[in-house]
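Text of the file run-v4.cif, holding mmCIF, C-alpha atoms:
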data_structure
loop_
_atom_site.label_atom_id
_atom_site.label_comp_id
_atom_site.auth_asym_id
_atom_site.auth_seq_id
_atom_site.Cartn_x
_atom_site.Cartn_y
_atom_site.Cartn_z
CA MET Z 23 -27.70 -26.49 1.74
CA SER Z 24 -28.55 -25.66 5.36
CA GLU Z 25 -32.06 -24.78 6.44
CA CYS Z 26 -32.88 -21.05 6.39
CA THR Z 27 -33.07 -19.50 9.87
CA HIS Z 28 -34.68 -16.30 8.51
CA ASP Z 29 -31.93 -14.29 10.17
CA CYS Z 30 -30.31 -12.38 7.30
CA SER Z 31 -27.67 -10.86 9.61
CA THR Z 32 -25.96 -14.28 9.83
CA CYS Z 33 -26.27 -15.23 6.17
CA THR Z 34 -24.72 -13.92 2.94
CA ALA Z 35 -27.00 -15.72 0.47
CA ASN Z 36 -28.91 -13.43 -1.89
CA CYS Z 37 -32.27 -15.17 -1.59
CA SER Z 38 -35.80 -13.83 -1.88
CA SER Z 39 -36.02 -13.33 1.88
CA ARG Z 40 -33.01 -11.04 1.83
CA ALA Z 41 -34.48 -9.07 -1.06
CA ALA Z 42 -37.69 -8.63 0.86
CA THR Z 43 -35.81 -7.34 3.88
CA ALA Z 44 -33.38 -5.06 2.04
CA PRO Z 45 -32.16 -2.21 4.25
CA GLN Z 46 -34.26 0.93 4.22
CA PHE Z 47 -31.62 3.62 3.91
CA ASP Z 48 -32.17 7.01 5.50
CA PRO Z 49 -33.30 9.56 2.90
CA LEU Z 50 -31.20 12.51 1.85
CA SER Z 51 -32.47 16.02 2.35
CA GLU Z 52 -34.67 17.03 -0.56
CA LEU Z 53 -32.11 19.78 -1.19
CA SER Z 54 -29.25 17.29 -1.55
CA SER Z 55 -27.88 15.23 -4.40
CA VAL Z 56 -25.23 12.49 -4.00
CA LYS Z 57 -24.48 10.13 -6.88
CA LYS Z 58 -21.91 7.69 -5.46
CA VAL Z 59 -20.81 6.88 -1.90
CA ILE Z 60 -17.43 5.28 -1.14
CA ALA Z 61 -16.50 4.32 2.41
CA VAL Z 62 -12.84 4.31 3.42
CA ALA Z 63 -12.31 1.93 6.32
CA SER Z 64 -9.76 -0.07 8.26
CA GLY Z 65 -9.88 -2.95 10.69
CA LYS Z 66 -7.66 -1.09 13.17
CA GLY Z 67 -6.70 2.46 14.02
CA GLY Z 68 -3.63 4.40 12.97
CA VAL Z 69 -3.21 3.00 9.47
CA GLY Z 70 -3.96 6.24 7.63
CA LYS Z 71 -7.54 6.02 6.39
CA SER Z 72 -8.07 9.76 6.91
CA MET Z 73 -4.96 10.47 4.84
CA VAL Z 74 -6.20 8.17 2.06
CA THR Z 75 -9.66 9.78 2.21
CA SER Z 76 -8.17 13.27 1.95
CA LEU Z 77 -5.81 12.44 -0.90
CA LEU Z 78 -8.51 10.61 -2.86
CA ALA Z 79 -10.88 13.56 -2.46
CA VAL Z 80 -8.21 15.94 -3.78
CA LEU Z 81 -7.44 13.70 -6.77
CA LEU Z 82 -11.12 13.39 -7.73
CA GLN Z 83 -11.61 17.16 -7.34
CA ARG Z 84 -8.63 17.77 -9.63
CA ARG Z 85 -10.31 15.57 -12.24
CA GLY Z 86 -13.28 17.88 -12.30
CA TYR Z 87 -15.71 16.04 -10.03
CA ARG Z 88 -17.74 17.54 -7.20
CA VAL Z 89 -16.53 15.79 -4.06
CA ALA Z 90 -17.69 15.65 -0.44
CA ILE Z 91 -16.29 14.08 2.72
CA LEU Z 92 -18.52 12.87 5.53
CA ASP Z 93 -16.24 12.47 8.54
CA ALA Z 94 -17.77 9.53 10.40
CA ASP Z 95 -14.89 9.26 12.87
CA ILE Z 96 -16.85 11.15 15.50
CA THR Z 97 -14.49 10.65 18.45
CA GLY Z 98 -11.29 11.19 16.46
CA PRO Z 99 -12.05 13.62 13.62
CA SER Z 100 -9.06 14.81 11.60
CA ILE Z 101 -10.41 15.79 8.19
CA PRO Z 102 -10.98 19.53 8.93
CA ARG Z 103 -7.40 19.87 10.19
CA ALA Z 104 -5.97 18.30 7.04
CA PHE Z 105 -7.85 20.79 4.88
CA GLY Z 106 -7.14 23.79 7.09
CA ILE Z 107 -10.80 24.47 7.88
CA THR Z 108 -11.21 26.50 11.06
CA SER Z 109 -14.69 27.94 10.54
CA ARG Z 110 -17.76 26.35 12.06
CA ALA Z 111 -20.58 24.78 10.06
CA THR Z 112 -23.79 26.77 9.82
CA GLY Z 113 -27.41 25.76 9.51
CA THR Z 114 -31.07 26.47 10.01
CA ASP Z 115 -33.74 24.85 12.15
CA THR Z 116 -34.09 22.06 9.60
CA CYS Z 117 -30.69 21.55 7.96
CA LEU Z 118 -26.92 21.95 8.18
CA PHE Z 119 -24.51 23.26 5.57
CA PRO Z 120 -21.07 21.68 5.06
CA CYS Z 121 -17.92 23.77 5.03
CA ASP Z 122 -16.04 24.10 1.76
CA SER Z 123 -12.30 23.55 1.45
CA LYS Z 124 -10.11 25.94 -0.52
CA THR Z 125 -10.76 23.99 -3.73
CA GLY Z 126 -14.47 23.43 -3.06
CA ILE Z 127 -14.57 20.00 -1.41
CA GLN Z 128 -17.66 19.84 0.82
CA ILE Z 129 -16.84 18.64 4.35
CA MET Z 130 -18.94 17.82 7.40
CA SER Z 131 -17.28 16.76 10.64
CA VAL Z 132 -18.19 16.95 14.31
CA ASN Z 133 -15.19 19.25 14.81
CA LEU Z 134 -16.99 21.83 12.67
CA LEU Z 135 -19.76 21.92 15.29
CA LEU Z 136 -17.74 22.04 18.51
CA GLU Z 137 -16.99 25.23 20.43
CA ASN Z 138 -13.35 24.16 20.70
CA THR Z 139 -11.78 21.63 18.35
CA THR Z 140 -9.89 20.01 21.23
CA ASP Z 141 -13.07 19.30 23.21
CA PRO Z 142 -13.49 15.52 23.63
CA VAL Z 143 -16.60 13.85 22.25
CA VAL Z 144 -17.73 11.74 25.20
CA TRP Z 145 -20.86 10.16 23.74
CA ARG Z 146 -22.29 6.67 23.84
CA GLY Z 147 -22.77 4.58 20.71
CA PRO Z 148 -26.45 5.40 20.02
CA VAL Z 149 -25.75 9.16 20.15
CA ILE Z 150 -22.78 8.81 17.80
CA SER Z 151 -24.87 6.72 15.42
CA GLY Z 152 -27.57 9.39 15.47
CA VAL Z 153 -25.03 12.05 14.50
CA ILE Z 154 -23.89 9.96 11.53
CA LYS Z 155 -27.47 9.70 10.32
CA GLN Z 156 -27.90 13.46 10.71
CA PHE Z 157 -24.74 14.12 8.71
CA TRP Z 158 -26.25 12.08 5.87
CA SER Z 159 -29.88 13.17 5.94
CA GLU Z 160 -29.85 16.70 7.40
CA VAL Z 161 -26.79 18.19 5.72
CA VAL Z 162 -27.37 19.91 2.38
CA TRP Z 163 -24.96 18.16 0.04
CA ASN Z 164 -24.78 20.21 -3.14
CA ASP Z 165 -24.71 18.15 -6.37
CA VAL Z 166 -22.05 15.67 -5.21
CA ASP Z 167 -20.53 13.23 -7.71
CA PHE Z 168 -18.54 11.30 -5.11
CA MET Z 169 -19.04 11.29 -1.35
CA LEU Z 170 -16.22 9.75 0.66
CA ILE Z 171 -16.99 8.54 4.17
CA ASP Z 172 -14.00 8.54 6.51
CA MET Z 173 -14.87 5.64 8.78
CA PRO Z 174 -13.69 5.01 12.34
CA PRO Z 175 -11.55 1.89 12.85
CA GLY Z 176 -13.05 -1.50 13.52
CA THR Z 177 -16.42 -3.11 12.87
CA GLY Z 178 -18.55 -1.67 15.68
CA ASP Z 179 -21.52 0.67 16.04
CA VAL Z 180 -20.55 3.40 13.58
CA PRO Z 181 -19.56 1.17 10.62
CA LEU Z 182 -22.75 -0.81 11.17
CA THR Z 183 -24.80 2.40 11.25
CA VAL Z 184 -23.15 3.65 8.06
CA PHE Z 185 -23.80 0.44 6.13
CA GLN Z 186 -27.41 0.18 7.35
CA SER Z 187 -28.34 3.86 6.96
CA ILE Z 188 -26.37 5.08 3.93
CA PRO Z 189 -26.36 3.46 0.45
CA VAL Z 190 -22.62 2.75 0.23
CA ASP Z 191 -21.61 1.82 -3.31
CA ALA Z 192 -18.14 0.50 -2.51
CA LEU Z 193 -15.65 0.03 0.30
CA VAL Z 194 -11.92 0.77 0.24
CA THR Z 195 -9.85 -0.86 2.98
CA VAL Z 196 -6.65 0.83 4.15
CA THR Z 197 -3.96 -1.39 5.60
CA SER Z 198 -0.37 -1.20 6.79
CA PRO Z 199 2.34 -3.73 5.89
CA GLN Z 200 2.73 -5.37 9.30
CA GLU Z 201 1.96 -9.07 9.73
CA LEU Z 202 -1.45 -8.40 11.30
CA VAL Z 203 -2.68 -6.97 7.98
CA SER Z 204 -4.17 -10.36 7.07
CA MET Z 205 -6.44 -10.34 10.10
CA VAL Z 206 -7.38 -6.68 9.54
CA VAL Z 207 -8.35 -7.25 5.92
CA GLU Z 208 -10.19 -10.46 6.77
CA LYS Z 209 -12.43 -8.60 9.21
CA ALA Z 210 -13.15 -5.80 6.74
CA VAL Z 211 -13.88 -8.20 3.89
CA ARG Z 212 -16.16 -10.31 6.07
CA MET Z 213 -18.12 -7.28 7.26
CA ALA Z 214 -18.49 -6.03 3.68
CA GLU Z 215 -19.88 -9.43 2.70
CA LEU Z 216 -22.32 -9.48 5.60
CA MET Z 217 -23.57 -6.00 4.73
CA ASN Z 218 -23.64 -6.66 0.96
CA VAL Z 219 -21.20 -3.81 0.27
CA PRO Z 220 -18.85 -4.36 -2.71
CA MET Z 221 -15.12 -4.19 -1.95
CA LEU Z 222 -13.35 -1.86 -4.37
CA GLY Z 223 -9.85 -2.85 -3.27
CA LEU Z 224 -6.99 -2.30 -0.83
CA VAL Z 225 -4.56 0.54 -0.20
CA GLU Z 226 -1.34 -0.02 1.71
CA ASN Z 227 -0.14 2.96 3.75
CA MET Z 228 3.39 3.32 5.17
CA SER Z 229 4.40 0.90 2.43
CA TYR Z 230 8.00 2.07 2.10
CA ALA Z 231 10.39 4.96 2.65
CA GLU Z 232 12.40 6.49 -0.17
CA CYS Z 233 16.11 7.08 0.30
CA PRO Z 234 16.73 10.85 -0.11
CA ASP Z 235 20.13 10.21 -1.70
CA CYS Z 236 19.59 7.39 -4.20
CA GLY Z 237 15.79 7.14 -4.39
CA LYS Z 238 15.79 3.45 -3.49
CA LYS Z 239 12.63 2.13 -1.82
CA LEU Z 240 13.24 0.90 1.71
CA TYR Z 241 10.58 -1.54 2.96
CA LEU Z 242 10.80 -0.90 6.69
CA PHE Z 243 8.00 -3.33 7.60
CA GLY Z 244 8.69 -5.93 4.93
CA GLU Z 245 7.41 -6.22 1.37
CA GLY Z 246 4.50 -7.93 -0.34
CA LYS Z 247 2.23 -8.76 2.59
CA THR Z 248 -0.72 -6.68 1.43
CA SER Z 249 -0.45 -7.84 -2.18
CA GLU Z 250 -0.52 -11.46 -0.96
CA VAL Z 251 -3.68 -10.80 1.04
CA ALA Z 252 -5.24 -8.95 -1.90
CA GLU Z 253 -4.54 -11.89 -4.19
CA ARG Z 254 -5.94 -14.34 -1.67
CA HIS Z 255 -9.23 -12.43 -1.56
CA SER Z 256 -9.25 -11.65 -5.30
CA LEU Z 257 -9.02 -7.92 -4.60
CA PRO Z 258 -6.91 -5.34 -6.43
CA LEU Z 259 -4.15 -3.46 -4.63
CA LEU Z 260 -5.03 0.09 -5.65
CA GLY Z 261 -2.20 2.05 -4.10
CA GLU Z 262 0.93 2.03 -1.97
CA LEU Z 263 1.55 5.19 0.04
CA PRO Z 264 5.11 5.84 1.23
CA ILE Z 265 6.23 7.17 4.58
CA ASN Z 266 6.66 10.75 3.43
CA HIS Z 267 7.35 13.69 5.72
CA LYS Z 268 5.97 16.13 3.15
CA LEU Z 269 2.56 14.43 3.26
CA ALA Z 270 2.51 14.53 7.05
CA ALA Z 271 3.55 18.20 7.06
CA ALA Z 272 0.88 19.10 4.49
CA ALA Z 273 -1.83 17.49 6.63
CA ASP Z 274 -0.56 19.11 9.83
CA LYS Z 275 -0.54 22.55 8.19
CA GLY Z 276 -3.97 22.14 6.61
CA MET Z 277 -2.50 22.15 3.11
CA ILE Z 278 -3.28 18.62 1.92
CA GLU Z 279 -4.78 20.02 -1.28
CA LEU Z 280 -1.29 21.03 -2.42
CA PHE Z 281 0.15 17.50 -2.32
CA ASP Z 282 2.07 16.23 -5.33
CA GLY Z 283 2.19 12.50 -6.03
CA ASN Z 284 0.66 9.73 -8.12
CA TRP Z 285 0.49 7.02 -5.43
CA LEU Z 286 -3.32 6.79 -5.47
CA ASP Z 287 -3.99 7.28 -9.17
CA LYS Z 288 -5.15 3.66 -9.54
CA LEU Z 289 -7.60 4.16 -6.69
CA ALA Z 290 -8.93 7.35 -8.27
CA ASP Z 291 -9.27 5.49 -11.60
CA ALA Z 292 -11.31 2.74 -9.92
CA VAL Z 293 -13.62 5.24 -8.22
CA GLU Z 294 -14.00 7.19 -11.46
CA ALA Z 295 -14.93 3.97 -13.30
CA LEU Z 296 -17.51 3.22 -10.61
CA GLY Z 297 -19.11 6.59 -11.31
CA LYS Z 298 -19.26 5.92 -15.05
CA GLU Z 299 -21.06 2.59 -14.71
CA GLU Z 300 -24.49 4.22 -14.83
CA GLU Z 301 -23.70 6.70 -17.58
#
As C-alpha cells, what does this structure read like?
Amino acid sequence: MSECTHDCSTCTANCSSRAATAPQFDPLSELSSVKKVIAVASGKGGVGKSMVTSLLAVLLQRRGYRVAILDADITGPSIPRAFGITSRATGTDTCLFPCDSKTGIQIMSVNLLLENTTDPVVWRGPVISGVIKQFWSEVVWNDVDFMLIDMPPGTGDVPLTVFQSIPVDALVTVTSPQELVSMVVEKAVRMAELMNVPMLGLVENMSYAECPDCGKKLYLFGEGKTSEVAERHSLPLLGELPINHKLAAAADKGMIELFDGNWLDKLADAVEALGKEEE
C-alpha cells in the first residue's frame, strides 16, 4: 500500500481522511425539497444526453413521480426547446422559480433567463459554475422526487462543480455505438470514481435504425460495442435508443412529452429502485 499523500483528489480509497474531508454540498433553498439527484452525462458532445434526460423525465412523470430537470449545459441548453417552453423564469430578490412543462415537470435552464433564446452565453468557467450553484440553491424546487441534471459533455469545470456542489446520488452515462465509446465511458467511469459518485449504468443512443418495411434492426455503426464496455466495467446497459425521426421531430416541435416507446423502461426502473432504497 502506497504512502498517503493527503491529497484526496488523486485517491479513491475510502479512508478516514476522506471521510473527514467529505464535500460540503451547497444547501438547497429552505423552500425546496429534492429527494434524489441523477446526473446524465457523456464523455463527448452530440451523443444525445439531453434526449435521454428528457425521455427519462417524461417516463418518471408518467409513473406518478414529481420530476425536475436542472439544465447544466449552460452554453448549449436544449431542454426548454424539447418541452416547448417559451416563457421566461420568474423570481424575487432572493429566489427563482422554475418553469413547468405541460405535464408539470419543473425545469430551470439558462435559456429561460435570456432575453432571446438564440443569444450566445459567452461566459468564463467560474461564472458558469456560479450559475449552476444558483440553479441548485436559489431555485425553489417544489417537492421533487427525482431531479435530473442534464450535464455538458466532458469532464471539465461544470461536471466538477456539479459533483462538488450538489449531492448526486447516481450517474447515467450516455454513449453512441462508435469505436470511441470505450474511451468515452472510461473517462466518465473514472471521474465518477474520483468524485465518489455511483454509476447507475449506460445508455446507448443511435443504437440502430428500424426498417420501415420489415421492422428489422439495422446497426449502422456496428453492434455490441457498448454492451462489451458495460460488461468490462461491470455496469448494466439500461437502454438502447434507435435513430428515430419521430423522436427528433417531437423534440424539435417541443412535444417530447407525447413520445411513445419503451426503450428506456429499464433505466426508469433503475432510477425508481434508487428512490425506493430509503423507503
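Using all atoms listed in the file, the protein and nucleic acid residues lying at most 10 Å from the point (-7.6, -11.4, -1.6) are Ser204, Val207, Glu208, Val211, Gly223, Leu224, Thr248, Ser249, Glu250, Val251, Ala252, Glu253, Arg254, His255, Ser256, Leu257, Pro258 and Leu259 of chain Z.
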Go ahead and write the residues just picked, C-alpha atoms, as a tab-separated table (two decimals), in the frame of the given file.
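Okay, part.tsv is ready:
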chain	number	residue	atom	x	y	z
Z	204	SER	CA	-4.17	-10.36	7.07
Z	207	VAL	CA	-8.35	-7.25	5.92
Z	208	GLU	CA	-10.19	-10.46	6.77
Z	211	VAL	CA	-13.88	-8.20	3.89
Z	223	GLY	CA	-9.85	-2.85	-3.27
Z	224	LEU	CA	-6.99	-2.30	-0.83
Z	248	THR	CA	-0.72	-6.68	1.43
Z	249	SER	CA	-0.45	-7.84	-2.18
Z	250	GLU	CA	-0.52	-11.46	-0.96
Z	251	VAL	CA	-3.68	-10.80	1.04
Z	252	ALA	CA	-5.24	-8.95	-1.90
Z	253	GLU	CA	-4.54	-11.89	-4.19
Z	254	ARG	CA	-5.94	-14.34	-1.67
Z	255	HIS	CA	-9.23	-12.43	-1.56
Z	256	SER	CA	-9.25	-11.65	-5.30
Z	257	LEU	CA	-9.02	-7.92	-4.60
Z	258	PRO	CA	-6.91	-5.34	-6.43
Z	259	LEU	CA	-4.15	-3.46	-4.63
**Fill in**
Between Z:Val293, Z:Met173, Z:Val196, Z:Val190, smallest distance to Leu263 of chain Z by all atoms listed in the file belongs to Z:Val196
**Request:** Report as a ChimeraX atom specification the residues that result from applying the PyMOL selection byres ((chain Z and resi 117-128) around 9) to the structure here.
**Result:** /Z:51,79-80,83-84,88-92,102,105-107,109-116,129-131,134,156-157,159-164,166,169,279
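The space separating atom CA of Ala61 of chain Z from atom CA of Lys239 of chain Z comes to 29.5 Å.
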**Prompt:** atom CA of Leu81 of chain Z to atom CA of Asp167 of chain Z: how many Å, to one decimal?
**Reply:** 13.1 Å
With the file shown as input, list the residues that the PyMOL selection byres ((chain Z and resi 66) around 6) selects, as a CSV table (one decimal) with C-alpha atoms, in the coordinates of the input.
chain,number,residue,atom,x,y,z
Z,64,SER,CA,-9.8,-0.1,8.3
Z,65,GLY,CA,-9.9,-3.0,10.7
Z,67,GLY,CA,-6.7,2.5,14.0
Z,175,PRO,CA,-11.6,1.9,12.8
Z,176,GLY,CA,-13.0,-1.5,13.5
**Request:** Translate the PyMOL selection byres ((chain Z and resi 154) around 10), as applied to the file shown, into an explicit residue set as a list in words.
**Result:** Leu92, Asp93, Ala94, Asp95, Ile96, Ser131, Val132, Pro148, Val149, Ile150, Ser151, Gly152, Val153, Lys155, Gln156, Phe157, Trp158, Ser159, Glu160, Val180, Pro181, Thr183, Val184, Ser187 and Ile188 of chain Z
Selection export as a PDB file, keeping the file's coordinate frame, atoms kept: C-alpha atoms:
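Result saved to selection_10.pdb:
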ATOM      1  CA  LEU Z  92     -18.520  12.870   5.530  1.00  0.00           C
ATOM      2  CA  ASP Z  93     -16.240  12.470   8.540  1.00  0.00           C
ATOM      3  CA  ALA Z  94     -17.770   9.530  10.400  1.00  0.00           C
ATOM      4  CA  ASP Z  95     -14.890   9.260  12.870  1.00  0.00           C
ATOM      5  CA  ILE Z  96     -16.850  11.150  15.500  1.00  0.00           C
ATOM      6  CA  SER Z 131     -17.280  16.760  10.640  1.00  0.00           C
ATOM      7  CA  VAL Z 132     -18.190  16.950  14.310  1.00  0.00           C
ATOM      8  CA  PRO Z 148     -26.450   5.400  20.020  1.00  0.00           C
ATOM      9  CA  VAL Z 149     -25.750   9.160  20.150  1.00  0.00           C
ATOM     10  CA  ILE Z 150     -22.780   8.810  17.800  1.00  0.00           C
ATOM     11  CA  SER Z 151     -24.870   6.720  15.420  1.00  0.00           C
ATOM     12  CA  GLY Z 152     -27.570   9.390  15.470  1.00  0.00           C
ATOM     13  CA  VAL Z 153     -25.030  12.050  14.500  1.00  0.00           C
ATOM     14  CA  LYS Z 155     -27.470   9.700  10.320  1.00  0.00           C
ATOM     15  CA  GLN Z 156     -27.900  13.460  10.710  1.00  0.00           C
ATOM     16  CA  PHE Z 157     -24.740  14.120   8.710  1.00  0.00           C
ATOM     17  CA  TRP Z 158     -26.250  12.080   5.870  1.00  0.00           C
ATOM     18  CA  SER Z 159     -29.880  13.170   5.940  1.00  0.00           C
ATOM     19  CA  GLU Z 160     -29.850  16.700   7.400  1.00  0.00           C
ATOM     20  CA  VAL Z 180     -20.550   3.400  13.580  1.00  0.00           C
ATOM     21  CA  PRO Z 181     -19.560   1.170  10.620  1.00  0.00           C
ATOM     22  CA  THR Z 183     -24.800   2.400  11.250  1.00  0.00           C
ATOM     23  CA  VAL Z 184     -23.150   3.650   8.060  1.00  0.00           C
ATOM     24  CA  SER Z 187     -28.340   3.860   6.960  1.00  0.00           C
ATOM     25  CA  ILE Z 188     -26.370   5.080   3.930  1.00  0.00           C
TER      26      ILE Z 188
END
Spatial neighbours of Ala273 of chain Z, 10 Å, all atoms listed in the file, chain gap at least 4 places, as a compact mmCIF listing (two decimals) with C-alpha atoms, in the frame of the given file:
# COMPACT_ATOMS: atom_id res chain seq x y z
CA SER Z 72 -8.07 9.76 6.91
CA MET Z 73 -4.96 10.47 4.84
CA SER Z 76 -8.17 13.27 1.95
CA LEU Z 77 -5.81 12.44 -0.90
CA SER Z 100 -9.06 14.81 11.60
CA ILE Z 101 -10.41 15.79 8.19
CA PRO Z 102 -10.98 19.53 8.93
CA ARG Z 103 -7.40 19.87 10.19
CA ALA Z 104 -5.97 18.30 7.04
CA PHE Z 105 -7.85 20.79 4.88
CA GLY Z 106 -7.14 23.79 7.09
CA HIS Z 267 7.35 13.69 5.72
CA LYS Z 268 5.97 16.13 3.15
CA LEU Z 269 2.56 14.43 3.26
CA MET Z 277 -2.50 22.15 3.11
CA ILE Z 278 -3.28 18.62 1.92
CA GLU Z 279 -4.78 20.02 -1.28
CA LEU Z 280 -1.29 21.03 -2.42
CA PHE Z 281 0.15 17.50 -2.32
**Message:** Report, in Å to a single decimal, how far apart atom CA of Val74 of chain Z and atom CA of Glu299 of chain Z are.
**Reply:** 23.1 Å
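The smallest atom-to-atom distance between Thr197 of chain Z and any of Z:Ala63, Z:Leu286, Z:Ala214, Z:Val219, using all atoms listed in the file, is found for Z:Ala63.
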